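Novice: One structure follows; several queries about it will come next.
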Amino acid sequence: MFELVLHHNYRAGNARDLSGNDNHGLLVQPLAAEGSQPSTAALGFDGLHTRVVVFPSESLVDLGAIRFSARLWLQDLGQRRNLLEGFLSFSLMIEEDGTLQAKVYDGTRWDGIWSPPGAVPLRRWVQVHWIYDGHDTSALYLDEQLLARRYRPLGRVH
């Protein structure tokens, strides 16, 4: 059901795709940051001007399902933080109240799953996972703990 189509590891200071699909990212004004382990580096994003852009490719056209994983540090709340977005397709974000929210667009509306407010803690490294099976089951995890699960037919991810 799941096939690796993109894998970025920002510790090297770049967005080179390690999946073998050449879905390399273009870094837009990233900030230097300390990594989650001593003496390691990471990339920082301010939520406004910094991002990674991955251009369309054949391997990203009809995903069907999504499995996303990221290790992240949230410094502050107060605005929406996009973690992952496919234009008019899917999105994963942290809302201004600390809610982790994942959505899929079915061609007419966005719908998805969300955690309770304040679920994403501030100023510590956490592991975030979103799984959507491409049919009707979504789940959000934080540090391997289930935050939310929802059964609702949303269809394939395009």
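Each chain of the structure tokens is named A, B, ... in the order shown, its residues numbered from 1; ligands are numbered from 1 in display order.
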Within 8 Å of Leu27 (chain A), counting only C-alpha atoms, which residues show up once you throw out same-chain ones fewer than 6 positions away? Write them as a count of residues only, please.
Specialist: 6
Novice: Rank nothing, just name the residue among A:Arg16, A:His135, A:His49, A:Arg11 nearest to Ala32 (chain A), using only C-alpha atoms.
Specialist: A:Arg11
Novice: Considering only C-alpha atoms, state which residue in the set A:Pro30, A:Gly25, A:Gly78, A:Gly64 is at the smallest distance from Phe2 (chain A).
Specialist: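 Smallest distance to Phe2 (chain A) is found for A:Gly64.
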Novice: Using only C-alpha atoms, pick whichever of A:Asn9, A:Ser115, A:Ser69, A:Ser57 has the shortest atom-to-atom distance to Gly86 (chain A).
Specialist: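 That would be A:Ser57, the residue with the smallest distance to Gly86 (chain A).
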Novice: Can you tell me which residues surround region 141-148 of chain A at a distance of at most 9 Å, considering only C-alpha atoms, apart from same-chain residues fewer than 6 positions away, and format the answer as a list in words?
Specialist: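 Residues meeting the cut-off are Leu100, Ile113, Trp114, Ser115, Pro116, Ala119, Val120, Val126, Gln127, Val128, His129, Trp130 and Ile131 of chain A.
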Novice: Counting only C-alpha atoms, which of A:Gln29, A:Ser36, A:Gln75, A:Ser89 gets nearest to His158 (chain A)?
Specialist: A:Ser89
Novice: Hey, what's within 12 Å of Val5 (chain A) if we count only C-alpha atoms and toss same-chain stuff fewer than 6 positions away? As a VMD selection string, please?
Specialist: chain A and resid 17 to 24 54 56 to 68
Novice: Apply DSSP to the backbone of this structure and, from chain A, keep only the residues in strand (DSSP E); write these as JSON, numbers by chain.
Specialist: {"A": [25, 26, 27, 28, 31, 32, 33, 34, 41, 42, 43, 44, 51, 52, 53, 54, 66, 67, 68, 69, 70, 71, 72, 73, 81, 82, 83, 84, 85, 86, 90, 91, 92, 93, 94, 100, 101, 102, 103, 104, 105, 110, 111, 112, 113, 114, 125, 126, 127, 128, 129, 130, 131, 132, 137, 138, 139, 140, 141, 142, 145, 146, 147, 148, 149, 150, 151]}
Novice: For Pro117 (chain A), work out the shell of residues within 10 Å, counting only C-alpha atoms and skipping chain neighbours fewer than 6 positions away, then give it as a list in words.
Specialist: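 My list of contacting residues is Ile94, Glu95, Glu96, Asp97, Gly98, Thr99, Leu100 and Gln101 of chain A.
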Novice: Expressed in Å to a single decimal, how great is the separation between CA of Gly13 (chain A) and CA of Leu43 (chain A)?
Specialist: 6.5 Å
Novice: Rounded to one decimal in Å, what is the spacing between CA of Ala33 (chain A) and CA of Arg123 (chain A)?
Specialist: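 Between these atoms lies a distance of 12.7 Å.
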Novice: Using only C-alpha atoms, which residues sit within 12 Å of Leu154 (chain A) once same-chain residues fewer than 6 positions away are excluded, as an NGL selection string?
Specialist: :A and (64-65 or 89-90 or 102-113 or 132-138)
Novice: Could the residues in this selection be saved with N, CA and C atoms as a PDB file, in the first residue's frame?
Specialist:
ATOM      1  N   GLY A  64      -2.317   8.000  -3.843  1.00  0.00           N
ATOM      2  CA  GLY A  64      -3.258   7.039  -3.286  1.00  0.00           C
ATOM      3  C   GLY A  64      -3.357   7.174  -1.784  1.00  0.00           C
ATOM      4  N   ALA A  65      -2.286   6.871  -1.077  1.00  0.00           N
ATOM      5  CA  ALA A  65      -2.243   6.929   0.383  1.00  0.00           C
ATOM      6  C   ALA A  65      -1.050   7.790   0.812  1.00  0.00           C
ATOM      7  N   SER A  89      -4.505  18.942  -2.774  1.00  0.00           N
ATOM      8  CA  SER A  89      -4.466  17.499  -2.615  1.00  0.00           C
ATOM      9  C   SER A  89      -4.494  17.085  -1.143  1.00  0.00           C
ATOM     10  N   PHE A  90      -3.506  17.525  -0.359  1.00  0.00           N
ATOM     11  CA  PHE A  90      -3.414  17.130   1.045  1.00  0.00           C
ATOM     12  C   PHE A  90      -2.614  18.172   1.808  1.00  0.00           C
ATOM     13  N   ALA A 102      -4.563  17.079   9.787  1.00  0.00           N
ATOM     14  CA  ALA A 102      -4.247  16.543   8.461  1.00  0.00           C
ATOM     15  C   ALA A 102      -5.523  16.513   7.637  1.00  0.00           C
ATOM     16  N   LYS A 103      -5.415  16.954   6.380  1.00  0.00           N
ATOM     17  CA  LYS A 103      -6.599  17.021   5.523  1.00  0.00           C
ATOM     18  C   LYS A 103      -6.300  16.473   4.135  1.00  0.00           C
ATOM     19  N   VAL A 104      -7.354  15.983   3.502  1.00  0.00           N
ATOM     20  CA  VAL A 104      -7.308  15.516   2.122  1.00  0.00           C
ATOM     21  C   VAL A 104      -8.402  16.254   1.360  1.00  0.00           C
ATOM     22  N   TYR A 105      -8.098  16.664   0.135  1.00  0.00           N
ATOM     23  CA  TYR A 105      -9.068  17.346  -0.720  1.00  0.00           C
ATOM     24  C   TYR A 105      -9.674  16.331  -1.676  1.00  0.00           C
ATOM     25  N   ASP A 106     -11.010  16.246  -1.694  1.00  0.00           N
ATOM     26  CA  ASP A 106     -11.676  15.247  -2.540  1.00  0.00           C
ATOM     27  C   ASP A 106     -12.188  15.810  -3.865  1.00  0.00           C
ATOM     28  N   GLY A 107     -11.809  17.036  -4.180  1.00  0.00           N
ATOM     29  CA  GLY A 107     -12.263  17.666  -5.414  1.00  0.00           C
ATOM     30  C   GLY A 107     -13.348  18.695  -5.192  1.00  0.00           C
ATOM     31  N   THR A 108     -14.018  18.601  -4.041  1.00  0.00           N
ATOM     32  CA  THR A 108     -15.054  19.583  -3.708  1.00  0.00           C
ATOM     33  C   THR A 108     -14.849  20.212  -2.335  1.00  0.00           C
ATOM     34  N   ARG A 109     -14.205  19.470  -1.424  1.00  0.00           N
ATOM     35  CA  ARG A 109     -13.997  20.019  -0.078  1.00  0.00           C
ATOM     36  C   ARG A 109     -12.806  19.345   0.601  1.00  0.00           C
ATOM     37  N   TRP A 110     -12.289  20.026   1.631  1.00  0.00           N
ATOM     38  CA  TRP A 110     -11.216  19.498   2.473  1.00  0.00           C
ATOM     39  C   TRP A 110     -11.848  18.829   3.687  1.00  0.00           C
ATOM     40  N   ASP A 111     -11.333  17.676   4.069  1.00  0.00           N
ATOM     41  CA  ASP A 111     -11.792  17.009   5.284  1.00  0.00           C
ATOM     42  C   ASP A 111     -10.636  16.178   5.818  1.00  0.00           C
ATOM     43  N   GLY A 112     -10.690  15.851   7.093  1.00  0.00           N
ATOM     44  CA  GLY A 112      -9.585  15.078   7.633  1.00  0.00           C
ATOM     45  C   GLY A 112      -9.707  14.764   9.097  1.00  0.00           C
ATOM     46  N   ILE A 113      -8.590  14.905   9.775  1.00  0.00           N
ATOM     47  CA  ILE A 113      -8.444  14.472  11.161  1.00  0.00           C
ATOM     48  C   ILE A 113      -7.673  15.532  11.924  1.00  0.00           C
ATOM     49  N   TYR A 132      -2.630   7.915   6.299  1.00  0.00           N
ATOM     50  CA  TYR A 132      -3.945   7.878   5.657  1.00  0.00           C
ATOM     51  C   TYR A 132      -3.896   6.771   4.613  1.00  0.00           C
ATOM     52  N   ASP A 133      -4.814   5.821   4.696  1.00  0.00           N
ATOM     53  CA  ASP A 133      -4.744   4.630   3.842  1.00  0.00           C
ATOM     54  C   ASP A 133      -5.276   4.823   2.423  1.00  0.00           C
ATOM     55  N   GLY A 134      -5.740   6.018   2.085  1.00  0.00           N
ATOM     56  CA  GLY A 134      -6.247   6.276   0.743  1.00  0.00           C
ATOM     57  C   GLY A 134      -7.696   5.889   0.548  1.00  0.00           C
ATOM     58  N   HIS A 135      -8.324   5.417   1.605  1.00  0.00           N
ATOM     59  CA  HIS A 135      -9.733   5.023   1.536  1.00  0.00           C
ATOM     60  C   HIS A 135     -10.538   5.741   2.615  1.00  0.00           C
ATOM     61  N   ASP A 136     -10.352   5.280   3.873  1.00  0.00           N
ATOM     62  CA  ASP A 136     -11.229   5.786   4.926  1.00  0.00           C
ATOM     63  C   ASP A 136     -10.611   5.859   6.325  1.00  0.00           C
ATOM     64  N   THR A 137      -9.345   5.553   6.482  1.00  0.00           N
ATOM     65  CA  THR A 137      -8.747   5.509   7.812  1.00  0.00           C
ATOM     66  C   THR A 137      -7.575   6.476   7.912  1.00  0.00           C
ATOM     67  N   SER A 138      -7.643   7.369   8.916  1.00  0.00           N
ATOM     68  CA  SER A 138      -6.576   8.342   9.185  1.00  0.00           C
ATOM     69  C   SER A 138      -6.139   8.202  10.630  1.00  0.00           C
TER      70      SER A 138
END
Novice: Output as a list in words all residues of chain A that backbone DSSP marks as helix (DSSP H, G or I).
Specialist: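 Across chain A, those assigned helix (DSSP H, G or I) are Tyr10, Arg11, Ala12, Glu58, Ser59 and Leu60 of chain A.
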Novice: Can you write just those residues out, N, CA and C atoms, as a PDB file, in the first residue's frame?
Specialist:
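And here's selection.pdb as it stands now:
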ATOM      1  N   TYR A  10      17.323  16.599   6.640  1.00  0.00           N
ATOM      2  CA  TYR A  10      17.859  17.959   6.637  1.00  0.00           C
ATOM      3  C   TYR A  10      19.134  18.126   7.458  1.00  0.00           C
ATOM      4  N   ARG A  11      19.617  17.064   8.091  1.00  0.00           N
ATOM      5  CA  ARG A  11      20.851  17.170   8.881  1.00  0.00           C
ATOM      6  C   ARG A  11      22.049  17.569   8.036  1.00  0.00           C
ATOM      7  N   ALA A  12      22.016  17.232   6.772  1.00  0.00           N
ATOM      8  CA  ALA A  12      23.129  17.576   5.881  1.00  0.00           C
ATOM      9  C   ALA A  12      23.015  19.003   5.349  1.00  0.00           C
ATOM     10  N   GLU A  58       6.535  12.522 -11.690  1.00  0.00           N
ATOM     11  CA  GLU A  58       5.704  11.352 -11.972  1.00  0.00           C
ATOM     12  C   GLU A  58       5.417  10.543 -10.701  1.00  0.00           C
ATOM     13  N   SER A  59       6.395  10.423  -9.814  1.00  0.00           N
ATOM     14  CA  SER A  59       6.206   9.611  -8.605  1.00  0.00           C
ATOM     15  C   SER A  59       5.311  10.285  -7.570  1.00  0.00           C
ATOM     16  N   LEU A  60       5.006  11.567  -7.747  1.00  0.00           N
ATOM     17  CA  LEU A  60       4.146  12.291  -6.806  1.00  0.00           C
ATOM     18  C   LEU A  60       2.744  12.554  -7.356  1.00  0.00           C
TER      19      LEU A  60
END
Novice: Using Å and a single decimal, report how far CA of Leu26 (chain A) sits from CA of Gly47 (chain A).
Specialist: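 Between CA of Gly47 (chain A) and CA of Leu26 (chain A) the gap is 15.9 Å.
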Novice: Using only C-alpha atoms, which residue out of A:Leu31, A:Leu74, A:Leu48, A:Leu6 lies closest to Arg124 (chain A)?
Specialist: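 The answer is A:Leu74, which sits nearest to Arg124 (chain A).
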